[in-house]
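*Asks:* I'd like to ask you about the structure that follows.
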Amino acid sequence: MHGVIIGLANDQSLAWGCAQALRRQGATLALTYLNDRALPHVEPLAQSVEADIILPLDVSRADQMDALFDEVARRRGKLDFLLHSIAFAPKEDLQGRVVDSSPEGFAMAMDISCHSLIRLARLAEPLMREGGSILTMSFYGSEKVVPGYGLMGPVKAALESTMRYLAAELGPQHIRVNALSTGPVKTRAASGLSHFDALMERAAQDAPLHQLVTIEQVGEMAAFLLSDQARYVTGQTIYVDSGYNILG
Ligand code: NAD
């Protein structure tokens, strides 16, 4: 299996749990890093999973996106899976009320965290001639109001809906598209959220399994969904959250 993983920042990233699990399944990986500052953190991880394509990708840069898929086409000739594990919102918009969010901040969060999935899927489609699997990462704040999740709630709701439309449109080409909705994990992206520690505490206390999820568990589920074993699963938001989402 040949795959592209987008969203690796460091060894706490959900994408890192996924990269390790996918490599254990024998996948050949292409990884990206946001910018030069991220490279020293990403490079050693990329080496340890023997990724032979490591390219810069800021999803607001069309030229970098084209370069990534050109390289994948040239080196592999095909693509089996794509993992989209990124999110961003400007701090003042993220930490304030949704009511007060700026049009620019909202648009940027939507563009980087949601529309980027559409752009990536469009570039992946011609390389997934034999079918493929696309996975994005979401959170329960998409459907319920979670204190401190703010602007990312509506953005993740749009992301999950986008995932379903892509699944419907790409299904005839046997390209599956799903979202993994994970419980809270302490990562760099999560550290930008206010009340995140309280969220972790609630999740650990109240979730039916009374345990926080780890990037290893997220990785195992991602590897399953991206593999052929999940070949009849598409258009779904699947929870890896110790059961938290079933609570009223
Ligand atoms: P992380 O900080 O490790 O990863 C976020 C990634 O987004 C980073 O690699 C960063 O470089 C990337 N990114 C941001 N702006 C980008 C841009 N313009 N172009 C390309 N990449 C960009 O944090 P994480 O928690 O592993 O986040 C991964 C995904 O998981 C996100 O979609 C996040 O919303 C989602 N998620 C996280 C949690 C959690 O509790 N950590 C829970 C549910 C869902």
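Chain labels A, B, ... are given in the sequence in which chains occur in the structure tokens; within each chain residues are numbered consecutively from 1, and ligands are likewise numbered from 1 in the order shown.
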Give me, as a compact mmCIF listing (two decimals) with N, CA and C atoms, in the first residue's frame, all polymer residues having an atom no more than 10 Å from stretch 63-72 of chain A, counting only C-alpha atoms and skipping those fewer than 2 positions away in the same chain.
*Replies:*
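Produced file part_8.txt, reproduced below:
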```
# COMPACT_ATOMS: atom_id res chain seq x y z
N HIS A 2 0.54 2.19 -0.87
CA HIS A 2 1.26 3.47 -0.90
C HIS A 2 0.35 4.56 -0.35
N GLY A 3 0.88 5.34 0.60
CA GLY A 3 0.04 6.36 1.21
C GLY A 3 0.72 7.69 1.40
N VAL A 4 -0.12 8.71 1.57
CA VAL A 4 0.34 10.06 1.91
C VAL A 4 -0.25 10.42 3.26
N LEU A 29 5.32 5.05 2.85
CA LEU A 29 4.75 6.35 3.24
C LEU A 29 5.42 7.55 2.59
N ALA A 30 4.59 8.52 2.22
CA ALA A 30 5.05 9.86 1.86
C ALA A 30 4.53 10.79 2.95
N LEU A 31 5.43 11.57 3.54
CA LEU A 31 5.05 12.45 4.65
C LEU A 31 5.31 13.90 4.28
N THR A 32 4.56 14.79 4.91
CA THR A 32 4.79 16.21 4.67
C THR A 32 5.06 16.92 5.99
N ILE A 53 9.52 9.71 0.76
CA ILE A 53 9.13 11.01 0.22
C ILE A 53 8.80 11.89 1.42
N ILE A 54 9.53 12.99 1.57
CA ILE A 54 9.29 13.95 2.66
C ILE A 54 9.31 15.33 2.03
N LEU A 55 8.15 15.96 1.96
CA LEU A 55 8.07 17.24 1.26
C LEU A 55 7.34 18.28 2.10
N PRO A 56 7.67 19.57 1.87
CA PRO A 56 6.96 20.62 2.60
C PRO A 56 5.53 20.76 2.06
N LEU A 57 4.58 20.96 2.96
CA LEU A 57 3.22 21.24 2.50
C LEU A 57 2.49 22.13 3.49
N ASP A 58 2.26 23.35 3.03
CA ASP A 58 1.30 24.23 3.70
C ASP A 58 0.09 24.19 2.76
N VAL A 59 -1.04 23.71 3.26
CA VAL A 59 -2.17 23.47 2.35
C VAL A 59 -2.73 24.74 1.72
N SER A 60 -2.28 25.90 2.21
CA SER A 60 -2.70 27.13 1.52
C SER A 60 -1.81 27.40 0.30
N ARG A 61 -0.80 26.54 0.08
CA ARG A 61 0.10 26.71 -1.08
C ARG A 61 -0.22 25.66 -2.15
N ARG A 74 5.19 10.37 -9.91
CA ARG A 74 6.46 10.01 -10.56
C ARG A 74 7.09 8.79 -9.89
N ARG A 75 7.10 8.77 -8.56
CA ARG A 75 7.80 7.70 -7.83
C ARG A 75 6.98 6.43 -7.67
N ARG A 76 5.64 6.59 -7.52
CA ARG A 76 4.82 5.41 -7.21
C ARG A 76 3.87 5.03 -8.35
N GLY A 77 3.42 6.04 -9.11
CA GLY A 77 2.47 5.79 -10.20
C GLY A 77 1.05 5.57 -9.71
N LYS A 78 0.83 5.48 -8.39
CA LYS A 78 -0.50 5.26 -7.85
C LYS A 78 -0.53 5.67 -6.38
N LEU A 79 -1.74 5.73 -5.84
CA LEU A 79 -1.88 6.06 -4.42
C LEU A 79 -3.01 5.21 -3.86
N SER A 116 -9.23 22.10 2.47
CA SER A 116 -7.99 21.41 2.07
C SER A 116 -8.27 19.94 1.78
N ARG A 119 -9.42 19.78 -1.79
CA ARG A 119 -8.31 19.98 -2.75
C ARG A 119 -7.43 18.73 -2.83
N LEU A 120 -7.17 18.14 -1.66
CA LEU A 120 -6.32 16.94 -1.64
C LEU A 120 -7.01 15.76 -2.30
N LEU A 123 -6.77 15.98 -6.05
CA LEU A 123 -5.46 15.60 -6.58
C LEU A 123 -5.20 14.10 -6.42
N ALA A 124 -5.78 13.51 -5.37
CA ALA A 124 -5.56 12.07 -5.13
C ALA A 124 -6.36 11.23 -6.13
N LEU A 127 -4.86 9.40 -9.05
CA LEU A 127 -3.84 8.40 -8.66
C LEU A 127 -4.47 7.18 -8.01
```
*Asks:* Near A:Leu117, within 12 Å and counting only C-alpha atoms, which residues show up once chain neighbours fewer than 3 positions away are dropped, as number ranges by chain?
*Replies:* A: 6-7, 59-60, 65, 82-87, 110-114, 120-125, 134-137, 156, 158-167, 177-179
*Asks:* Of the candidates A:Arg202, A:Arg129, A:Arg231, A:Arg188, which one gets nearest to A:Phe88 if we count only C-alpha atoms?
*Replies:*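 Closest candidate: A:Arg188.
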*Asks:* Between atom CA of A:Leu34 and atom CA of A:Leu8, measure the distance and give it in Å to one decimal.
*Replies:*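 Between atom CA of A:Leu34 and atom CA of A:Leu8 the gap works out to 8.4 Å.
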*Asks:* Excluding stretch 236-240 of chain A and residues on its chain fewer than 2 positions from it, collect all residues at most 12 Å away from it, counting only C-alpha atoms, and give them as a ChimeraX atom specification.
*Replies:* /A:14,134-140,142-143,156-157,159-168,176-185,203,207,209,211-222,224-225,230,232-234,242-246
*Asks:* To one decimal place in Å, what is the distance between atom CA of A:Ala107 and atom 18 (N, counted along the ligand's line) of ligand 1?
*Replies:*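 Distance between the two atoms: 12.6 Å.
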*Asks:* What residues in stretch 97-160 of chain A get the DSSP label strand (DSSP E or B)? Please answer as a PyMOL selection string.
*Replies:* chain A and resi 132-138
*Asks:* Restricting it to N, CA, C and O atoms, dump the selection as a PDB file, in the first residue's frame.
*Replies:*
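Output (out.pdb):
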```pdb
ATOM      1  N   GLY A 132      -9.270   3.502  -3.535  1.00  0.00           N
ATOM      2  CA  GLY A 132      -8.410   4.034  -2.482  1.00  0.00           C
ATOM      3  C   GLY A 132      -9.216   4.420  -1.276  1.00  0.00           C
ATOM      4  O   GLY A 132     -10.430   4.196  -1.221  1.00  0.00           O
ATOM      5  N   SER A 133      -8.531   4.971  -0.301  1.00  0.00           N
ATOM      6  CA  SER A 133      -9.202   5.320   0.947  1.00  0.00           C
ATOM      7  C   SER A 133      -8.646   6.645   1.463  1.00  0.00           C
ATOM      8  O   SER A 133      -7.430   6.855   1.463  1.00  0.00           O
ATOM      9  N   ILE A 134      -9.567   7.508   1.876  1.00  0.00           N
ATOM     10  CA  ILE A 134      -9.196   8.829   2.395  1.00  0.00           C
ATOM     11  C   ILE A 134      -9.781   8.940   3.795  1.00  0.00           C
ATOM     12  O   ILE A 134     -10.934   8.564   4.018  1.00  0.00           O
ATOM     13  N   LEU A 135      -8.978   9.453   4.721  1.00  0.00           N
ATOM     14  CA  LEU A 135      -9.446   9.556   6.106  1.00  0.00           C
ATOM     15  C   LEU A 135      -9.108  10.939   6.654  1.00  0.00           C
ATOM     16  O   LEU A 135      -8.007  11.445   6.449  1.00  0.00           O
ATOM     17  N   THR A 136     -10.091  11.542   7.358  1.00  0.00           N
ATOM     18  CA  THR A 136      -9.832  12.821   8.026  1.00  0.00           C
ATOM     19  C   THR A 136     -10.112  12.675   9.515  1.00  0.00           C
ATOM     20  O   THR A 136     -10.685  11.667   9.946  1.00  0.00           O
ATOM     21  N   MET A 137      -9.714  13.657  10.299  1.00  0.00           N
ATOM     22  CA  MET A 137      -9.839  13.581  11.758  1.00  0.00           C
ATOM     23  C   MET A 137     -10.835  14.604  12.272  1.00  0.00           C
ATOM     24  O   MET A 137     -10.737  15.793  11.943  1.00  0.00           O
ATOM     25  N   SER A 138     -11.762  14.143  13.091  1.00  0.00           N
ATOM     26  CA  SER A 138     -12.764  15.064  13.606  1.00  0.00           C
ATOM     27  C   SER A 138     -12.888  14.942  15.126  1.00  0.00           C
ATOM     28  O   SER A 138     -12.112  14.230  15.778  1.00  0.00           O
TER      29      SER A 138
END
```
*Asks:* Skipping near chain neighbours, those fewer than 3 positions away, what residues fall within 8 Å of A:Ser194 using only C-alpha atoms, listed as number ranges by chain?
*Replies:* A: 95, 148-149, 191
*Asks:* From the list A:Asp36, A:Glu130, A:Asp100, A:Asp206, which residue is nearest ligand 1 when using only C-alpha atoms and all ligand atoms?
*Replies:*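 Ranking A:Asp36, A:Glu130, A:Asp100, A:Asp206 by distance to ligand 1, first place goes to A:Asp36.
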*Asks:* For ligand 1, which residue out of A:Leu170, A:Leu45, A:Met108, A:Ala9 is the nearest one, using only C-alpha atoms and all ligand atoms?
*Replies:* A:Ala9
*Asks:* Take atom 42 (C, counted along the ligand's line) of ligand 1 and atom CA of A:Ala190 and report the distance between them in Å, one decimal.
*Replies:*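 The value is 7.2 Å.
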*Asks:* Which residues in stretch 20-245 of chain A does DSSP call alpha helix (DSSP H)? List them as a ChimeraX atom specification.
*Replies:* /A:20-24,39-48,62-76,91-95,103-110,116-124,152-170,188-191,196-206,215-226
*Asks:* Using only C-alpha atoms, find the one residue out of A:Met200, A:Ala51, A:Ala89, A:Ala27 that sits nearest to A:Asp241.
*Replies:* A:Met200
*Asks:* Measuring between only C-alpha atoms and all ligand atoms, which one of A:His210, A:His174, A:Lys144, A:Lys186 shows the shortest distance to ligand 1?
*Replies:*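 For ligand 1, the nearest of the candidates is A:Lys186.
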*Asks:* Pick out the closest residue to A:Pro90 from this set: A:Gly141, A:Ala223, A:His115, A:Gly150. Count only C-alpha atoms.
*Replies:*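 The shortest atom-to-atom distance to A:Pro90 comes from A:Gly150.
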